[in-house]
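Trainee: Below: one structure in structure tokens.
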Amino acid sequence: MDDLKYGTRNKRGDWAPNKPVETAPLFVFPPKLLAIAKWLPHYFFPWNVIFAASAVAYWALIIPSVETLQTLSVGWALWLYAVNAACVFLFYGAFELHLYVLKRQENRFKYNGKFPADQKNNVFWFDRQNVDNMLRTFLSGVTIWTGIEVVMLWAHANGYAPWLSFSENPWTLALVALVVPVIHEFHFFCIHRLIHTPFLYKWVHSVHHNSVNPSPWSSLSMHPVEHILYLGTAFYHLILPSNPILMLYQLHYAGFGAIPGHVGFDKVEVGEDKLVDSHAYAHYLHHKYFEVNYGDALIPLDKWFGTWHDGSADGEARMQERYRKRKERLSARKASSELQGAAK
Ligand SMILES: [Zn+2]
Ligand SMILES: [Zn+2]
């Protein structure tokens, strides 16, 4: 597969797509119906369908009976931790094995020409990005994921969270299922913007940003406070007309759904000639430049707030202009406080 048909590679070996990243054609006025119709299949396939199907499979095969869920117990909480950990290991591990261990597509479509395992870095536990990222994923990530899952299932089973049935409320539940990714996007943008404020960035979010060159295990490599905020998207189902399966979909959308944004490759080659888009470039640029693309472009929030970078030369110029203006503001503020100090 010739990746140079789709992008260019610079001297350092970093690949970039030719086409700028596009935001989803939602939330624009007047509505672009044709664009929405063209985009809609990508909304479902493959990623959203995988996360929704995993929620249904959990409900059918993994989640204990309602009577069991009504009483909190270590037994079923540990069972859920074990299943979540196994699924994360297999799902994240499949990408890691395919792209980073066996390097089956070498550096084709890879944004950063380097592989994290080739470099030691003392910002990471044991100086290794992968070891650090995996430990954070399983010690804190999957634990908090399971904790939120347990609390929410217990709340649904005891009537503290809505439990609508598919037979009686098919349209309401279909609508909620449809907007699960939109809820995620809104929530993620808000908490992500929040943890980029200086204090929270230093103490919380910098852990995730240690992975400047993200790989699959970076997806859930976060500080525990960020895990709570990020996976807390499931709590919307305490008030939405929903049920435990849609709550699980929301949780899986966050937990398993963190993967596509961090695979580090624009496209994953499947078989001889099939390519699956990761849609990772916007978030890759976030890891590269820090202060752009707080969201994943499903809602054009970054465009509205002026932090959108689509990977093009124009996007780069807009970002540089923003940095320049901020620098100017900061130095003007510094100069005026110095003047005030001198006048005293
Ligand atoms: Zn990230
Ligand atoms: Zn960030």
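To be explicit about the labels: the chains of the structure tokens are called A, B, and onward in the order shown, and within each one the residues are counted from 1, while ligands get numbers from 1 in the order they are shown.
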Env of Val49 (chain A): 12 Å cut, atoms = only C-alpha atoms, seq-sep filter 2 positions within chain, self excluded. Answer as a PyMOL selection string.
Mentor: chain A and resi 41-47+51-57+177-178+180-181+249+252-253+256-257
Trainee: Neighbours of ligand 2 at 9 Å or closer, counting only C-alpha atoms and all ligand atoms: which residues, as number ranges by chain?
Mentor: A: 192-193, 195-196, 201, 205-206, 208-209, 283, 286-287, 290-294
Trainee: Could you take the residues named above and write them with N, CA and C atoms, as a PDB file, in the first residue's frame?
Mentor:
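Saved to again38.pdb:
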```pdb
ATOM      1  N   HIS A 192     -11.923  18.382  29.105  1.00  0.00           N
ATOM      2  CA  HIS A 192     -10.583  18.509  28.538  1.00  0.00           C
ATOM      3  C   HIS A 192     -10.101  19.963  28.597  1.00  0.00           C
ATOM      4  N   ARG A 193     -11.042  20.877  28.273  1.00  0.00           N
ATOM      5  CA  ARG A 193     -10.701  22.303  28.351  1.00  0.00           C
ATOM      6  C   ARG A 193     -10.377  22.683  29.800  1.00  0.00           C
ATOM      7  N   ILE A 195      -9.187  20.724  32.243  1.00  0.00           N
ATOM      8  CA  ILE A 195      -7.902  20.229  32.742  1.00  0.00           C
ATOM      9  C   ILE A 195      -6.707  20.801  31.980  1.00  0.00           C
ATOM     10  N   HIS A 196      -6.991  21.661  30.994  1.00  0.00           N
ATOM     11  CA  HIS A 196      -5.887  22.418  30.385  1.00  0.00           C
ATOM     12  C   HIS A 196      -5.672  23.775  31.066  1.00  0.00           C
ATOM     13  N   TYR A 201      -3.665  21.304  34.688  1.00  0.00           N
ATOM     14  CA  TYR A 201      -2.753  20.739  33.696  1.00  0.00           C
ATOM     15  C   TYR A 201      -1.497  20.200  34.392  1.00  0.00           C
ATOM     16  N   HIS A 205      -3.447  16.653  34.061  1.00  0.00           N
ATOM     17  CA  HIS A 205      -3.493  16.274  32.655  1.00  0.00           C
ATOM     18  C   HIS A 205      -2.115  16.078  32.025  1.00  0.00           C
ATOM     19  N   SER A 206      -1.072  16.632  32.660  1.00  0.00           N
ATOM     20  CA  SER A 206       0.271  16.473  32.077  1.00  0.00           C
ATOM     21  C   SER A 206       0.646  14.995  31.968  1.00  0.00           C
ATOM     22  N   HIS A 208      -1.184  12.543  30.920  1.00  0.00           N
ATOM     23  CA  HIS A 208      -1.623  12.051  29.605  1.00  0.00           C
ATOM     24  C   HIS A 208      -0.746  12.638  28.487  1.00  0.00           C
ATOM     25  N   HIS A 209      -0.332  13.892  28.682  1.00  0.00           N
ATOM     26  CA  HIS A 209       0.451  14.555  27.635  1.00  0.00           C
ATOM     27  C   HIS A 209       1.920  14.166  27.625  1.00  0.00           C
ATOM     28  N   HIS A 283      -6.665  14.541  17.079  1.00  0.00           N
ATOM     29  CA  HIS A 283      -6.160  14.339  18.441  1.00  0.00           C
ATOM     30  C   HIS A 283      -4.631  14.170  18.455  1.00  0.00           C
ATOM     31  N   HIS A 286      -3.389  17.478  18.731  1.00  0.00           N
ATOM     32  CA  HIS A 286      -3.520  17.948  20.114  1.00  0.00           C
ATOM     33  C   HIS A 286      -2.313  17.503  20.943  1.00  0.00           C
ATOM     34  N   HIS A 287      -1.903  16.244  20.767  1.00  0.00           N
ATOM     35  CA  HIS A 287      -0.733  15.754  21.521  1.00  0.00           C
ATOM     36  C   HIS A 287       0.552  16.449  21.069  1.00  0.00           C
ATOM     37  N   PHE A 290      -0.555  20.657  21.878  1.00  0.00           N
ATOM     38  CA  PHE A 290      -1.169  20.879  23.201  1.00  0.00           C
ATOM     39  C   PHE A 290      -2.404  21.770  23.224  1.00  0.00           C
ATOM     40  N   GLU A 291      -2.350  22.934  22.591  1.00  0.00           N
ATOM     41  CA  GLU A 291      -3.458  23.885  22.788  1.00  0.00           C
ATOM     42  C   GLU A 291      -4.348  24.048  21.565  1.00  0.00           C
ATOM     43  N   VAL A 292      -4.499  22.961  20.842  1.00  0.00           N
ATOM     44  CA  VAL A 292      -5.474  22.944  19.740  1.00  0.00           C
ATOM     45  C   VAL A 292      -6.307  21.667  19.888  1.00  0.00           C
ATOM     46  N   ASN A 293      -7.458  21.636  19.216  1.00  0.00           N
ATOM     47  CA  ASN A 293      -8.277  20.423  19.123  1.00  0.00           C
ATOM     48  C   ASN A 293      -8.560  19.769  20.479  1.00  0.00           C
ATOM     49  N   TYR A 294      -9.303  20.478  21.319  1.00  0.00           N
ATOM     50  CA  TYR A 294      -9.707  19.897  22.608  1.00  0.00           C
ATOM     51  C   TYR A 294     -10.775  18.828  22.405  1.00  0.00           C
TER      52      TYR A 294
END
```
Trainee: Enumerate, in order of chain and increasing residue number, the residues of chain A with an atom no farther than 9 Å from ligand 1, each with its shortest atom pair and distance in Å to one decimal, counting only C-alpha atoms and all ligand atoms, as CSV.
Mentor:
```
residue,atom,partner,partner_atom_place_in_ligand_line,distance
A:His208,CA,ligand 1,1 (Zn),6.4
A:His209,CA,ligand 1,1 (Zn),6.9
A:Ser211,CA,ligand 1,1 (Zn),8.1
A:Val212,CA,ligand 1,1 (Zn),8.9
A:Pro214,CA,ligand 1,1 (Zn),7.3
A:Ser218,CA,ligand 1,1 (Zn),7.1
A:Ser219,CA,ligand 1,1 (Zn),6.1
A:Leu220,CA,ligand 1,1 (Zn),8.1
A:Ser221,CA,ligand 1,1 (Zn),8.5
A:Met222,CA,ligand 1,1 (Zn),8.9
A:Ala258,CA,ligand 1,1 (Zn),7.8
A:Gly261,CA,ligand 1,1 (Zn),6.9
A:His262,CA,ligand 1,1 (Zn),6.3
A:His283,CA,ligand 1,1 (Zn),6.3
A:Tyr284,CA,ligand 1,1 (Zn),7.4
A:His286,CA,ligand 1,1 (Zn),7.4
A:His287,CA,ligand 1,1 (Zn),6.2
```
Trainee: Would you give me, as a Markdown table, each residue of region 49-130 of chain A having an atom within 6 Å of an atom of region 155-163 of chain A, along with its shortest atom pair and that distance in Å to one decimal, using only C-alpha atoms and sorting by chain and residue number?
Mentor:
```
| residue | atom | partner | partner_atom | distance |
| --- | --- | --- | --- | --- |
| A:Val66 | CA | A:Ala157 | CA | 5.8 |
| A:Leu69 | CA | A:Ala157 | CA | 5.9 |
| A:Gln70 | CA | A:Ala157 | CA | 5.3 |
```
Trainee: Selection from above, C-alpha atoms, as a CSV table (one decimal), in the first residue's frame, can you write it?
Mentor:
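So the final result, stored in part-v1.csv, reads:
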```csv
chain,number,residue,atom,x,y,z
A,66,VAL,CA,-30.8,-7.6,38.4
A,69,LEU,CA,-26.9,-5.9,41.0
A,70,GLN,CA,-29.3,-4.6,43.7
```
Trainee: Which residues are close to region 147-154 of chain A, i.e. within 10 Å by only C-alpha atoms, leaving aside same-chain residues fewer than 5 positions away? Reply as a PyMOL selection string.
Mentor: chain A and resi 63-64+66-74+76-78+80-81+141-142+159-161+228+231-235+237-238+243-245+247-248+251
